[in-house]
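Text of final-v3.txt, listed as compact mmCIF, C-alpha atoms and all ligand atoms:
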```txt
# COMPACT_ATOMS: atom_id res chain seq x y z
CA MET Q 1 -9.65 -15.88 -25.22
CA LYS Q 2 -6.53 -13.79 -25.17
CA GLN Q 3 -3.43 -15.57 -26.38
CA VAL Q 4 -1.02 -15.92 -23.45
CA GLU Q 5 1.10 -18.79 -24.73
CA ASN Q 6 4.39 -16.89 -24.50
CA SER Q 7 3.67 -15.98 -20.86
CA ARG Q 8 2.81 -19.61 -20.12
CA GLN Q 9 6.05 -20.82 -21.64
CA LYS Q 10 8.11 -18.24 -19.82
CA TYR Q 11 6.44 -19.12 -16.54
CA THR Q 12 7.45 -22.76 -17.03
CA GLU Q 13 10.99 -21.64 -17.84
CA SER Q 14 11.05 -19.32 -14.86
CA GLN Q 15 9.97 -22.10 -12.49
CA ALA Q 16 13.14 -24.00 -13.41
CA TYR Q 17 15.34 -21.25 -12.00
CA LEU Q 18 13.34 -18.84 -9.88
CA ALA Q 19 12.00 -20.33 -6.63
CA GLY Q 20 8.25 -20.49 -7.09
CA GLY Q 21 8.57 -18.99 -10.56
CA VAL Q 22 7.84 -15.46 -9.32
CA ALA Q 23 9.85 -12.85 -7.41
CA SER Q 24 7.09 -12.08 -4.87
CA SER Q 25 4.71 -14.85 -3.74
CA LEU Q 26 1.50 -12.94 -4.43
CA ARG Q 27 2.22 -12.82 -8.15
CA SER Q 28 1.83 -16.58 -8.71
CA ALA Q 29 -1.94 -16.36 -8.14
CA MET Q 30 -2.59 -14.58 -11.43
CA LYS Q 31 -4.97 -16.39 -13.79
CA PRO Q 32 -4.87 -17.86 -16.38
CA THR Q 33 -1.09 -17.62 -15.83
CA PRO Q 34 1.25 -15.00 -14.36
CA LEU Q 35 1.71 -12.60 -17.27
CA PHE Q 36 5.14 -11.51 -18.42
CA ALA Q 37 5.43 -7.81 -19.12
CA ALA Q 38 7.22 -6.67 -22.25
CA ALA Q 39 6.95 -2.91 -21.67
CA GLY Q 40 4.81 -0.22 -20.15
CA SER Q 41 4.04 3.29 -21.28
CA GLY Q 42 1.99 5.76 -19.25
CA PRO Q 43 -1.27 4.05 -18.23
CA ARG Q 44 -0.76 1.03 -20.48
CA ILE Q 45 1.23 -2.18 -20.28
CA ARG Q 46 2.03 -4.76 -22.96
CA ASP Q 47 2.75 -8.43 -22.34
CA VAL Q 48 5.08 -10.79 -24.19
CA ASP Q 49 2.18 -12.10 -26.30
CA GLY Q 50 1.52 -8.60 -27.63
CA ASN Q 51 -1.63 -8.00 -25.56
CA GLU Q 52 -2.07 -4.44 -24.37
CA PHE Q 53 -3.87 -3.56 -21.16
CA ILE Q 54 -4.93 -0.39 -19.42
CA ASP Q 55 -3.09 -0.85 -16.14
CA TYR Q 56 -4.74 -0.42 -12.73
CA LEU Q 57 -2.29 -2.75 -10.98
CA LEU Q 58 0.48 -0.18 -11.45
CA GLY Q 59 3.19 -2.39 -10.04
CA TYR Q 60 1.07 -2.87 -6.86
CA GLY Q 61 0.96 0.88 -6.29
CA PRO Q 62 4.28 2.64 -6.90
CA LEU Q 63 3.64 3.87 -10.46
CA ILE Q 64 1.88 7.07 -9.45
CA LEU Q 65 3.08 8.76 -12.67
CA GLY Q 66 2.46 5.71 -14.85
CA HIS Q 67 4.99 3.57 -16.68
CA ALA Q 68 8.31 4.88 -18.00
CA HIS Q 69 7.55 8.49 -17.09
CA GLU Q 70 9.95 10.46 -19.26
CA ALA Q 71 11.02 13.28 -16.96
CA THR Q 72 11.65 10.97 -14.01
CA ALA Q 73 13.39 8.35 -16.16
CA SER Q 74 15.77 10.94 -17.56
CA ARG Q 75 16.58 12.33 -14.10
CA VAL Q 76 17.25 8.80 -12.86
CA TYR Q 77 19.47 8.19 -15.89
CA GLU Q 78 21.40 11.39 -15.26
CA ALA Q 79 21.91 10.29 -11.66
CA MET Q 80 23.15 6.87 -12.80
CA GLN Q 81 25.69 8.50 -15.04
CA ARG Q 82 27.15 10.31 -12.02
CA GLY Q 83 27.34 7.03 -10.09
CA ILE Q 84 24.73 4.62 -8.82
CA THR Q 85 25.67 4.34 -5.17
CA PHE Q 86 28.57 5.71 -3.20
CA GLY Q 87 28.56 4.55 0.39
CA LEU Q 88 29.56 8.16 1.00
CA GLN Q 89 27.20 11.01 1.71
CA HIS Q 90 25.77 12.84 -1.28
CA GLU Q 91 23.61 15.87 -1.84
CA GLY Q 92 20.62 13.96 -3.16
CA GLU Q 93 20.05 12.58 0.34
CA ILE Q 94 19.95 16.04 1.90
CA ALA Q 95 17.70 17.37 -0.85
CA LEU Q 96 15.26 14.51 -0.46
CA ALA Q 97 15.24 14.54 3.35
CA ARG Q 98 14.71 18.32 3.36
CA ARG Q 99 11.87 18.03 0.84
CA LEU Q 100 10.22 15.28 2.90
CA THR Q 101 10.35 17.40 6.04
CA GLU Q 102 8.70 20.21 4.07
CA ILE Q 103 5.81 18.16 2.72
CA LEU Q 104 5.07 15.55 5.40
CA PRO Q 105 3.41 17.40 8.31
CA CYS Q 106 4.67 14.96 10.97
CA ALA Q 107 8.28 14.97 9.75
CA ASP Q 108 10.91 16.73 11.83
CA LYS Q 109 13.50 14.24 10.58
CA VAL Q 110 13.54 11.31 8.15
CA ALA Q 111 15.44 8.05 7.68
CA LEU Q 112 15.76 6.38 4.26
CA SER Q 113 15.45 2.64 3.57
CA GLY Q 114 14.72 0.38 0.64
CA SER Q 115 11.26 -1.13 1.13
CA GLY Q 116 8.05 -0.66 3.08
CA THR Q 117 8.87 -3.74 5.15
CA GLU Q 118 12.19 -2.22 6.26
CA ALA Q 119 10.63 1.13 7.07
CA VAL Q 120 8.05 -0.57 9.29
CA MET Q 121 10.79 -2.60 11.02
CA LEU Q 122 12.66 0.59 11.81
CA ALA Q 123 9.55 2.40 13.01
CA LEU Q 124 8.71 -0.43 15.41
CA ARG Q 125 12.28 -0.47 16.79
CA LEU Q 126 12.17 3.28 17.30
CA ALA Q 127 8.88 2.96 19.16
CA ARG Q 128 10.16 0.21 21.44
CA ALA Q 129 13.41 2.01 22.18
CA HIS Q 130 11.62 5.30 22.78
CA THR Q 131 9.06 3.89 25.21
CA GLY Q 132 11.07 1.07 26.78
CA LYS Q 133 7.97 -1.10 26.20
CA ARG Q 134 7.52 -4.11 23.91
CA LYS Q 135 3.96 -4.76 22.79
CA ILE Q 136 2.61 -3.60 19.44
CA VAL Q 137 -1.06 -3.07 18.67
CA ARG Q 138 -2.00 -3.88 15.09
CA PHE Q 139 -5.29 -4.50 13.32
CA HIS Q 140 -7.10 -7.25 11.44
CA GLY Q 141 -6.89 -6.84 7.68
CA HIS Q 142 -3.98 -4.40 7.71
CA TYR Q 143 -0.67 -5.32 6.13
CA HIS Q 144 2.69 -3.93 7.20
CA GLY Q 145 5.18 -6.06 5.28
CA TRP Q 146 6.43 -9.53 5.97
CA SER Q 147 9.00 -9.20 8.76
CA ASP Q 148 8.84 -11.61 11.72
CA THR Q 149 7.70 -8.91 14.09
CA ILE Q 150 4.50 -7.93 12.35
CA PHE Q 151 3.43 -10.41 9.64
CA THR Q 152 0.29 -11.90 11.11
CA SER Q 153 -3.26 -11.60 10.07
CA PHE Q 154 -2.92 -10.71 6.41
CA PRO Q 155 -3.65 -12.56 4.30
CA SER Q 156 -4.20 -15.44 6.70
CA SER Q 157 -7.20 -14.08 8.57
CA ASP Q 158 -8.75 -13.07 5.29
CA MET Q 159 -8.45 -16.67 4.18
CA ARG Q 160 -10.31 -17.72 7.32
CA LYS Q 161 -13.25 -15.98 5.71
CA SER Q 162 -15.87 -18.45 6.86
CA ASP Q 163 -14.60 -18.14 10.44
CA ALA Q 164 -14.79 -14.39 10.25
CA ALA Q 165 -18.28 -14.52 8.84
CA ALA Q 166 -19.22 -16.72 11.79
CA GLY Q 167 -17.71 -14.12 14.11
CA LEU Q 168 -14.91 -16.47 15.16
CA ALA Q 169 -11.79 -15.03 13.55
CA GLU Q 170 -11.14 -12.38 16.10
CA ASP Q 171 -11.02 -14.87 18.98
CA LYS Q 172 -8.45 -17.09 17.34
CA PRO Q 173 -4.82 -17.01 18.44
CA ILE Q 174 -2.60 -14.93 16.20
CA ALA Q 175 -1.31 -17.00 13.33
CA ALA Q 176 2.09 -16.51 11.73
CA GLY Q 177 1.92 -15.04 8.26
CA THR Q 178 4.32 -17.60 6.79
CA GLY Q 179 6.09 -20.84 7.51
CA GLY Q 180 9.50 -20.32 9.07
CA GLN Q 181 8.42 -17.28 11.04
CA SER Q 182 9.36 -17.02 14.70
CA GLU Q 183 6.18 -17.46 16.71
CA LEU Q 184 7.93 -15.76 19.62
CA ALA Q 185 7.94 -12.44 17.79
CA LEU Q 186 4.16 -12.55 17.61
CA GLU Q 187 3.77 -12.86 21.36
CA GLU Q 188 4.30 -9.12 21.46
CA ILE Q 189 1.38 -8.43 19.13
CA ILE Q 190 -2.07 -7.36 20.26
CA LEU Q 191 -4.43 -7.82 17.30
CA LEU Q 192 -7.59 -5.71 17.33
CA PRO Q 193 -10.51 -5.02 15.02
CA TRP Q 194 -10.02 -1.66 13.31
CA ASN Q 195 -12.36 1.32 13.27
CA ASP Q 196 -13.82 0.76 16.74
CA ALA Q 197 -12.67 3.49 19.11
CA ALA Q 198 -14.15 1.84 22.21
CA VAL Q 199 -12.30 -1.43 21.61
CA LEU Q 200 -9.10 0.50 20.99
CA GLU Q 201 -9.47 2.59 24.12
CA ALA Q 202 -10.17 -0.43 26.33
CA ALA Q 203 -7.14 -2.33 25.02
CA LEU Q 204 -4.80 0.65 25.27
CA ARG Q 205 -5.86 1.46 28.81
CA GLU Q 206 -5.61 -2.16 29.93
CA HIS Q 207 -2.13 -2.74 28.48
CA LYS Q 208 -0.73 0.78 28.54
CA ASP Q 209 2.35 -0.17 30.55
CA ASP Q 210 3.32 -2.77 27.96
CA ILE Q 211 2.36 -1.13 24.68
CA ALA Q 212 5.13 0.59 22.74
CA ALA Q 213 3.20 1.39 19.58
CA VAL Q 214 -0.05 1.31 17.70
CA ILE Q 215 0.51 0.77 13.98
CA SER Q 216 -2.31 1.38 11.54
CA GLU Q 217 -2.92 2.04 7.88
CA PRO Q 218 -4.73 5.41 7.86
CA VAL Q 219 -7.14 3.99 5.28
CA MET Q 220 -7.48 0.18 5.34
CA CYS Q 221 -6.30 -0.10 1.72
CA ASN Q 222 -5.18 -3.71 2.07
CA SER Q 223 -8.68 -4.89 2.94
CA GLY Q 224 -11.40 -2.97 1.17
CA CYS Q 225 -10.07 0.61 1.08
CA VAL Q 226 -12.08 1.23 4.23
CA LEU Q 227 -12.04 4.82 5.43
CA PRO Q 228 -11.52 5.62 9.09
CA LYS Q 229 -14.79 6.48 10.83
CA PRO Q 230 -15.04 10.17 11.69
CA GLY Q 231 -12.91 10.81 14.76
CA TYR Q 232 -11.36 7.33 14.91
CA LEU Q 233 -7.78 8.26 14.03
CA GLU Q 234 -8.07 11.48 16.03
CA ARG Q 235 -9.07 9.35 19.05
CA MET Q 236 -6.11 7.05 18.36
CA GLN Q 237 -3.86 10.10 18.39
CA GLU Q 238 -5.30 11.43 21.68
CA LEU Q 239 -5.10 8.08 23.43
CA THR Q 240 -1.56 7.30 22.32
CA GLN Q 241 -0.42 10.76 23.41
CA GLU Q 242 -2.11 10.40 26.78
CA LEU Q 243 -0.79 6.90 27.45
CA GLY Q 244 2.81 7.32 26.29
CA ILE Q 245 2.41 5.10 23.21
CA VAL Q 246 3.98 5.81 19.82
CA MET Q 247 1.43 6.22 17.02
CA ILE Q 248 2.70 4.92 13.69
CA LEU Q 249 0.67 5.49 10.54
CA ASP Q 250 1.77 3.11 7.82
CA GLU Q 251 1.46 5.26 4.71
CA VAL Q 252 3.24 2.88 2.35
CA ILE Q 253 0.13 2.95 0.13
CA THR Q 254 -1.41 6.32 1.03
CA GLY Q 255 1.84 8.34 1.04
CA PHE Q 256 2.18 10.44 -2.15
CA ARG Q 257 -1.14 8.98 -3.28
CA LEU Q 258 -3.69 10.81 -1.15
CA GLY Q 259 -1.76 14.04 -1.58
CA LEU Q 260 1.82 15.21 -1.07
CA GLY Q 261 1.31 15.15 2.69
CA GLY Q 262 -0.16 11.63 2.60
CA ALA Q 263 -3.23 10.62 4.55
CA HIS Q 264 -2.02 12.31 7.74
CA GLY Q 265 -1.72 15.59 5.83
CA ARG Q 266 -5.12 15.11 4.27
CA PHE Q 267 -6.80 14.26 7.57
CA GLY Q 268 -4.91 16.86 9.64
CA LEU Q 269 -3.24 14.30 11.91
CA LYS Q 270 0.13 14.40 13.63
CA PRO Q 271 1.24 10.82 14.28
CA ASP Q 272 4.62 10.29 15.95
CA LEU Q 273 5.95 8.34 12.98
CA VAL Q 274 4.88 7.55 9.44
CA THR Q 275 6.27 5.01 7.00
CA VAL Q 276 6.20 5.76 3.28
CA GLY Q 277 7.37 3.73 0.27
CA LYS Q 278 5.76 2.63 -3.00
CA ALA Q 279 4.79 5.89 -4.77
CA LEU Q 280 7.71 7.76 -3.17
CA GLY Q 281 10.13 6.26 -5.69
CA GLY Q 282 7.68 6.00 -8.58
CA GLY Q 283 8.78 2.38 -9.04
CA ILE Q 284 12.37 2.50 -7.81
CA ALA Q 285 13.04 0.90 -4.43
CA ILE Q 286 13.02 3.50 -1.68
CA SER Q 287 11.13 3.99 1.56
CA ALA Q 288 11.33 6.31 4.53
CA VAL Q 289 10.40 6.69 8.16
CA ALA Q 290 9.51 10.25 9.06
CA GLY Q 291 8.54 11.65 12.40
CA ARG Q 292 8.89 13.56 15.57
CA LYS Q 293 12.40 14.68 16.51
CA GLU Q 294 12.38 13.11 19.98
CA VAL Q 295 11.76 9.68 18.47
CA MET Q 296 14.01 10.09 15.43
CA ALA Q 297 16.76 11.32 17.80
CA LEU Q 298 17.32 7.70 18.85
CA ILE Q 299 19.05 7.20 15.52
CA GLU Q 300 21.24 10.28 16.12
CA LYS Q 301 22.17 9.02 19.58
CA GLY Q 302 23.02 5.59 18.20
CA THR Q 303 20.42 3.91 20.44
CA VAL Q 304 18.67 2.49 17.40
CA SER Q 305 20.76 1.27 14.48
CA HIS Q 306 19.60 2.18 11.03
CA LEU Q 307 21.49 0.15 8.47
CA GLY Q 308 21.40 -0.72 4.81
CA THR Q 309 24.08 -0.83 2.10
CA LEU Q 310 21.88 0.82 -0.49
CA ASN Q 311 20.00 3.24 1.78
CA GLY Q 312 19.76 6.67 0.19
CA ASN Q 313 21.56 5.63 -2.99
CA GLY Q 314 21.83 8.14 -5.82
CA VAL Q 315 19.34 6.43 -8.11
CA ALA Q 316 16.67 6.05 -5.45
CA THR Q 317 16.98 9.61 -4.19
CA ALA Q 318 16.89 10.97 -7.75
CA ALA Q 319 13.78 8.91 -8.48
CA ALA Q 320 12.05 10.16 -5.33
CA LEU Q 321 13.02 13.79 -5.94
CA ALA Q 322 11.83 13.60 -9.54
CA THR Q 323 8.55 11.94 -8.54
CA ILE Q 324 7.90 14.54 -5.85
CA ALA Q 325 8.77 17.35 -8.28
CA GLU Q 326 6.20 16.04 -10.78
CA LEU Q 327 3.56 15.60 -8.09
CA SER Q 328 4.23 19.11 -6.75
CA GLN Q 329 3.46 20.85 -10.04
CA GLU Q 330 0.87 23.61 -10.17
CA GLU Q 331 -0.35 23.47 -6.59
CA GLY Q 332 -1.84 20.05 -6.56
CA ALA Q 333 -3.06 19.98 -10.17
CA VAL Q 334 -1.70 16.46 -10.64
CA PHE Q 335 -3.62 15.15 -7.64
CA ALA Q 336 -6.75 17.05 -8.68
CA LYS Q 337 -6.65 15.41 -12.12
CA MET Q 338 -6.09 11.92 -10.68
CA GLU Q 339 -8.94 12.40 -8.22
CA ALA Q 340 -11.34 13.71 -10.86
CA ASN Q 341 -10.57 10.75 -13.12
CA ALA Q 342 -10.90 8.28 -10.26
CA SER Q 343 -14.27 9.75 -9.26
CA LYS Q 344 -15.49 9.55 -12.84
CA LEU Q 345 -14.44 5.92 -13.05
CA VAL Q 346 -15.95 5.03 -9.67
CA GLU Q 347 -19.26 6.75 -10.44
CA GLY Q 348 -19.34 5.03 -13.82
CA ILE Q 349 -18.76 1.58 -12.31
CA ARG Q 350 -21.41 2.23 -9.64
CA SER Q 351 -23.95 3.04 -12.38
CA LEU Q 352 -22.98 -0.10 -14.28
CA LEU Q 353 -23.42 -2.25 -11.16
CA ALA Q 354 -26.92 -0.78 -10.88
CA LYS Q 355 -27.62 -1.27 -14.58
CA HIS Q 356 -26.69 -4.97 -14.37
CA ALA Q 357 -28.46 -5.31 -11.00
CA ILE Q 358 -25.33 -6.82 -9.46
CA PRO Q 359 -25.02 -6.20 -5.72
CA GLY Q 360 -21.69 -4.60 -5.09
CA LEU Q 361 -20.02 -1.51 -3.77
CA ILE Q 362 -16.92 0.61 -4.07
CA ASN Q 363 -14.96 2.18 -1.23
CA HIS Q 364 -13.05 5.10 -2.63
CA ILE Q 365 -10.63 7.84 -1.65
CA GLY Q 366 -8.49 9.84 -4.09
CA PRO Q 367 -6.82 7.75 -6.77
CA VAL Q 368 -7.38 4.40 -5.05
CA PHE Q 369 -10.53 2.36 -4.62
CA HIS Q 370 -11.75 -1.13 -3.84
CA MET Q 371 -14.57 -2.70 -5.84
CA MET Q 372 -16.37 -5.71 -4.38
CA PHE Q 373 -19.42 -7.87 -4.91
CA THR Q 374 -21.36 -8.01 -1.69
CA GLN Q 375 -24.85 -7.88 -0.25
CA GLU Q 376 -23.64 -5.65 2.59
CA PRO Q 377 -25.04 -2.11 2.47
CA LYS Q 378 -21.62 -0.80 3.56
CA VAL Q 379 -18.17 -2.18 4.27
CA ASP Q 380 -16.63 -0.18 7.07
CA ASP Q 381 -14.56 -2.75 8.94
CA PHE Q 382 -12.71 -6.01 8.36
CA ALA Q 383 -15.64 -8.22 9.40
CA SER Q 384 -17.96 -6.70 6.78
CA PHE Q 385 -15.15 -6.84 4.20
CA THR Q 386 -14.79 -10.61 4.63
CA LYS Q 387 -18.43 -11.09 3.60
CA ARG Q 388 -17.76 -10.06 0.00
CA ASP Q 389 -17.88 -12.63 -2.79
CA ALA Q 390 -14.14 -12.78 -3.49
CA ALA Q 391 -14.44 -15.65 -5.97
CA ARG Q 392 -16.95 -13.73 -8.08
CA TYR Q 393 -14.64 -10.72 -8.16
CA THR Q 394 -11.72 -12.89 -9.27
CA GLU Q 395 -13.92 -14.16 -12.10
CA PHE Q 396 -14.74 -10.56 -12.99
CA SER Q 397 -11.05 -9.61 -13.01
CA GLY Q 398 -10.48 -12.46 -15.49
CA TYR Q 399 -13.15 -11.01 -17.81
CA MET Q 400 -11.54 -7.58 -17.44
CA LEU Q 401 -8.24 -9.02 -18.59
CA GLU Q 402 -10.01 -10.43 -21.65
CA GLU Q 403 -11.36 -6.92 -22.25
CA GLY Q 404 -7.86 -5.41 -22.12
CA VAL Q 405 -7.91 -4.02 -18.59
CA LEU Q 406 -5.46 -5.20 -15.94
CA VAL Q 407 -6.91 -5.09 -12.42
CA ARG Q 408 -5.85 -6.85 -9.23
CA SER Q 409 -7.87 -9.96 -8.59
CA ASN Q 410 -8.57 -8.82 -4.99
CA GLY Q 411 -10.50 -5.69 -6.01
CA LEU Q 412 -8.05 -2.85 -5.28
CA TRP Q 413 -7.59 -0.37 -8.16
CA TYR Q 414 -4.88 2.29 -8.44
CA LEU Q 415 -4.96 5.23 -10.85
CA SER Q 416 -1.93 7.16 -12.03
CA ALA Q 417 -1.45 10.69 -13.27
CA ALA Q 418 -1.08 9.19 -16.75
CA HIS Q 419 -4.65 7.83 -16.84
CA GLY Q 420 -6.87 10.17 -18.84
CA VAL Q 421 -10.46 10.46 -19.99
CA GLN Q 422 -9.77 8.11 -22.90
CA GLU Q 423 -8.65 5.33 -20.54
CA ILE Q 424 -11.60 5.91 -18.22
CA GLU Q 425 -14.07 5.63 -21.09
CA GLU Q 426 -12.45 2.49 -22.49
CA THR Q 427 -12.40 1.00 -19.00
CA LEU Q 428 -16.08 1.70 -18.39
CA ALA Q 429 -16.99 0.05 -21.68
CA ALA Q 430 -14.91 -2.96 -20.60
CA VAL Q 431 -16.59 -3.07 -17.17
CA ASP Q 432 -20.00 -3.02 -18.88
CA ARG Q 433 -19.10 -6.05 -21.00
CA ALA Q 434 -17.39 -7.89 -18.13
CA LEU Q 435 -20.38 -7.41 -15.82
CA ALA Q 436 -22.64 -8.74 -18.57
CA HIS Q 437 -20.62 -12.00 -18.48
CA LEU Q 438 -21.15 -12.53 -14.77
N1 LIG K 1 2.82 -1.39 4.51
C1 LIG K 1 1.75 -1.34 3.71
C2 LIG K 1 0.55 -0.58 4.15
C3 LIG K 1 1.76 -2.01 2.49
O1 LIG K 1 0.67 -2.00 1.71
C4 LIG K 1 2.95 -2.70 2.10
C5 LIG K 1 3.04 -3.39 0.75
N2 LIG K 1 1.89 -3.70 0.10
C6 LIG K 1 4.03 -2.72 2.97
C7 LIG K 1 3.95 -2.04 4.16
C8 LIG K 1 5.29 -3.43 2.63
O2 LIG K 1 5.98 -2.76 1.63
P1 LIG K 1 7.05 -3.50 0.71
O3 LIG K 1 6.29 -4.48 -0.14
O4 LIG K 1 7.70 -2.39 -0.06
O5 LIG K 1 8.02 -4.18 1.64
```
Output the file's structure as structure tokens, nothing else.
Amino acid sequence: MKQVENSRQKYTESQAYLAGGVASSLRSAMKPTPLFAAAGSGPRIRDVDGNEFIDYLLGYGPLILGHAHEATASRVYEAMQRGITFGLQHEGEIALARRLTEILPCADKVALSGSGTEAVMLALRLARAHTGKRKIVRFHGHYHGWSDTIFTSFPSSDMRKSDAAAGLAEDKPIAAGTGGQSELALEEIILLPWNDAAVLEAALREHKDDIAAVISEPVMCNSGCVLPKPGYLERMQELTQELGIVMILDEVITGFRLGLGGAHGRFGLKPDLVTVGKALGGGIAISAVAGRKEVMALIEKGTVSHLGTLNGNGVATAAALATIAELSQEEGAVFAKMEANASKLVEGIRSLLAKHAIPGLINHIGPVFHMMFTQEPKVDDFASFTKRDAARYTEFSGYMLEEGVLVRSNGLWYLSAAHGVQEIEETLAAVDRALAHL
């Protein structure tokens, strides 16, 4: 067993001062104890007990260039030396906004915020103000941050796994995502199963006079990395255009991960609005809403307020510009390398699942994939996702930790540009040994 005594002690200490002992609720679930990081470098992270891991958690997604990327760190440091935040305008904001309008196909204009949750809040307000309607369509298994307006089915409906397996979950009333949340906010939510164009069309037509927006992850990364069925998002785009509904693609995970133009660039879509965050700042807090000028114009007119003391600060804009500059090198070479490594890893794990005769599958796109143990021949919606053996995967993730590989206990893996063939080979050897334990 790996020695994690220092992490254990620090967790006890942390619980005395930090509510819940962690800074984001999800982190407390880590077994055998939430680990304390000492430092990260490229694809690897070291904890306070001196254990080193190949990192596929990557800060829950933002570290697209790996830990402590030198060129970005030095550009952020240079920016800090000029001043961290001004409350005045500065050129970094223009440079970043211009660059975003160049690379995100749907972006006529952009607005900068601090987190994915805030970007989604702004996008929903823009949609409501633009349409003069109130209802929001969202989908089972998607996650869009934890604001009152939208925090519903994740992770709560996933926890109602047995209900879902029995086909009951989708009939249940919408549950709040957390205690203390206004239930009133959720009255405006229409919760649908994702990846079913007929269900979507029926709901949109029935409630078209009330629906302001449809919000969707373009790939259901939060529940199984499920790809959209061919034509599904295109149909969503046609229907929303026809019915006067704002289409929001939440690209907080897929933005700057599935390519510079995000998933909508990759799939050739033109949603009205997209939200991006995570990889945009390479680990520094920044997010953005980008979209069509008619909708973004509500901010210019003052109809929709867009506020935030630290919005567009010098450090965040420098981090985003530096991250984008790295990702833009040599016409997509960085993405090509990440994708090749991810495919190699995914193919390797698939062969190992077969070798150990363990029923499981991997949903995969670009440098993100979801590995699960399941008897299902395919997982292409939330209902089939809930049938996986989540407990067995958590056990597997524990063995992976023992083998020196840090993976999320829910099955989602991220790769960075810093992961190379060496890491992939070490990881596959670790997977082989971990599967043997199961
Ligand atoms: N949208 C999606 C698709 C996400 O995955 C997340 C975070 N996991 C968010 C929004 C919220 O982002 P943040 O945690 O930065 O508030």
Taking into account all atoms listed in the file, which residue in the set Q:Asn363, Q:Ser28, Q:Gln181, Q:Gln81 is nearest to Met220 of chain Q?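 For Met220 of chain Q, the nearest of the candidates is Q:Asn363.
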Please give me, as a PyMOL selection string, the residues lying within 7 Å of ligand LIG 1 (chain K) when counting only C-alpha atoms and all ligand atoms. chain Q and resi 115-118+120+142-145+217+222+250-253+277-278
Atom CA of Thr309 of chain Q to atom CA of Leu112 of chain Q, distance in Å rounded to a single decimal: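 Going from atom CA of Thr309 of chain Q over to atom CA of Leu112 of chain Q, I get 11.2 Å.
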From the set Q:Ala263, Q:Leu192, Q:Ala336, Q:Cys221, which residue has the shortest atom-to-atom contact distance to Phe369 of chain Q, counting only C-alpha atoms?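 Among the listed residues, Q:Cys221 lies closest to Phe369 of chain Q.
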Would you compute the distance between atom CA of Pro218 of chain Q and atom CA of Gly282 of chain Q? Give it in Å to one decimal.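 Interatomic distance, atom CA of Pro218 of chain Q to atom CA of Gly282 of chain Q: 20.6 Å.
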Could you pull the residues within 12 Å of segment 50-52 of chain Q, counting all atoms listed in the file, minus those fewer than 2 positions along the same chain, as a PyMOL selection string? chain Q and resi 1-7+35-41+43-48+54-55+401-406
Rounded to one decimal, what separation in Å do you get between atom CA of Arg433 of chain Q and atom CA of Lys355 of chain Q?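 One can read the atom CA of Arg433 of chain Q to atom CA of Lys355 of chain Q distance as 11.7 Å.
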Filled-in N, CA and C atoms of segment 212-223 of chain Q, supplied as a PDB file, in the frame of the given file:
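Listed below is the output, out-v9.pdb:
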```
ATOM      1  N   ALA Q 212       4.200  -0.391  23.281  1.00  0.00           N
ATOM      2  CA  ALA Q 212       5.130   0.590  22.740  1.00  0.00           C
ATOM      3  C   ALA Q 212       4.488   1.398  21.615  1.00  0.00           C
ATOM      4  N   ALA Q 213       3.704   0.705  20.772  1.00  0.00           N
ATOM      5  CA  ALA Q 213       3.200   1.390  19.580  1.00  0.00           C
ATOM      6  C   ALA Q 213       1.853   0.847  19.133  1.00  0.00           C
ATOM      7  N   VAL Q 214       1.105   1.730  18.488  1.00  0.00           N
ATOM      8  CA  VAL Q 214      -0.050   1.310  17.700  1.00  0.00           C
ATOM      9  C   VAL Q 214       0.336   1.583  16.256  1.00  0.00           C
ATOM     10  N   ILE Q 215       0.223   0.558  15.404  1.00  0.00           N
ATOM     11  CA  ILE Q 215       0.510   0.770  13.980  1.00  0.00           C
ATOM     12  C   ILE Q 215      -0.760   0.518  13.183  1.00  0.00           C
ATOM     13  N   SER Q 216      -1.060   1.447  12.281  1.00  0.00           N
ATOM     14  CA  SER Q 216      -2.310   1.380  11.540  1.00  0.00           C
ATOM     15  C   SER Q 216      -2.123   1.953  10.141  1.00  0.00           C
ATOM     16  N   GLU Q 217      -2.780   1.339   9.165  1.00  0.00           N
ATOM     17  CA  GLU Q 217      -2.920   2.040   7.880  1.00  0.00           C
ATOM     18  C   GLU Q 217      -3.952   3.140   8.136  1.00  0.00           C
ATOM     19  N   PRO Q 218      -3.754   4.344   7.620  1.00  0.00           N
ATOM     20  CA  PRO Q 218      -4.730   5.410   7.860  1.00  0.00           C
ATOM     21  C   PRO Q 218      -6.057   5.166   7.127  1.00  0.00           C
ATOM     22  N   VAL Q 219      -5.966   4.504   5.990  1.00  0.00           N
ATOM     23  CA  VAL Q 219      -7.140   3.990   5.280  1.00  0.00           C
ATOM     24  C   VAL Q 219      -6.831   2.512   5.097  1.00  0.00           C
ATOM     25  N   MET Q 220      -7.800   1.622   5.401  1.00  0.00           N
ATOM     26  CA  MET Q 220      -7.480   0.180   5.340  1.00  0.00           C
ATOM     27  C   MET Q 220      -7.442  -0.265   3.881  1.00  0.00           C
ATOM     28  N   CYS Q 221      -6.398   0.173   3.166  1.00  0.00           N
ATOM     29  CA  CYS Q 221      -6.300  -0.100   1.720  1.00  0.00           C
ATOM     30  C   CYS Q 221      -6.101  -1.580   1.438  1.00  0.00           C
ATOM     31  N   ASN Q 222      -5.438  -2.302   2.350  1.00  0.00           N
ATOM     32  CA  ASN Q 222      -5.180  -3.710   2.070  1.00  0.00           C
ATOM     33  C   ASN Q 222      -6.403  -4.597   2.232  1.00  0.00           C
ATOM     34  N   SER Q 223      -7.453  -4.096   2.815  1.00  0.00           N
ATOM     35  CA  SER Q 223      -8.680  -4.890   2.940  1.00  0.00           C
ATOM     36  C   SER Q 223      -9.903  -4.006   2.733  1.00  0.00           C
TER      37      SER Q 223
END
```
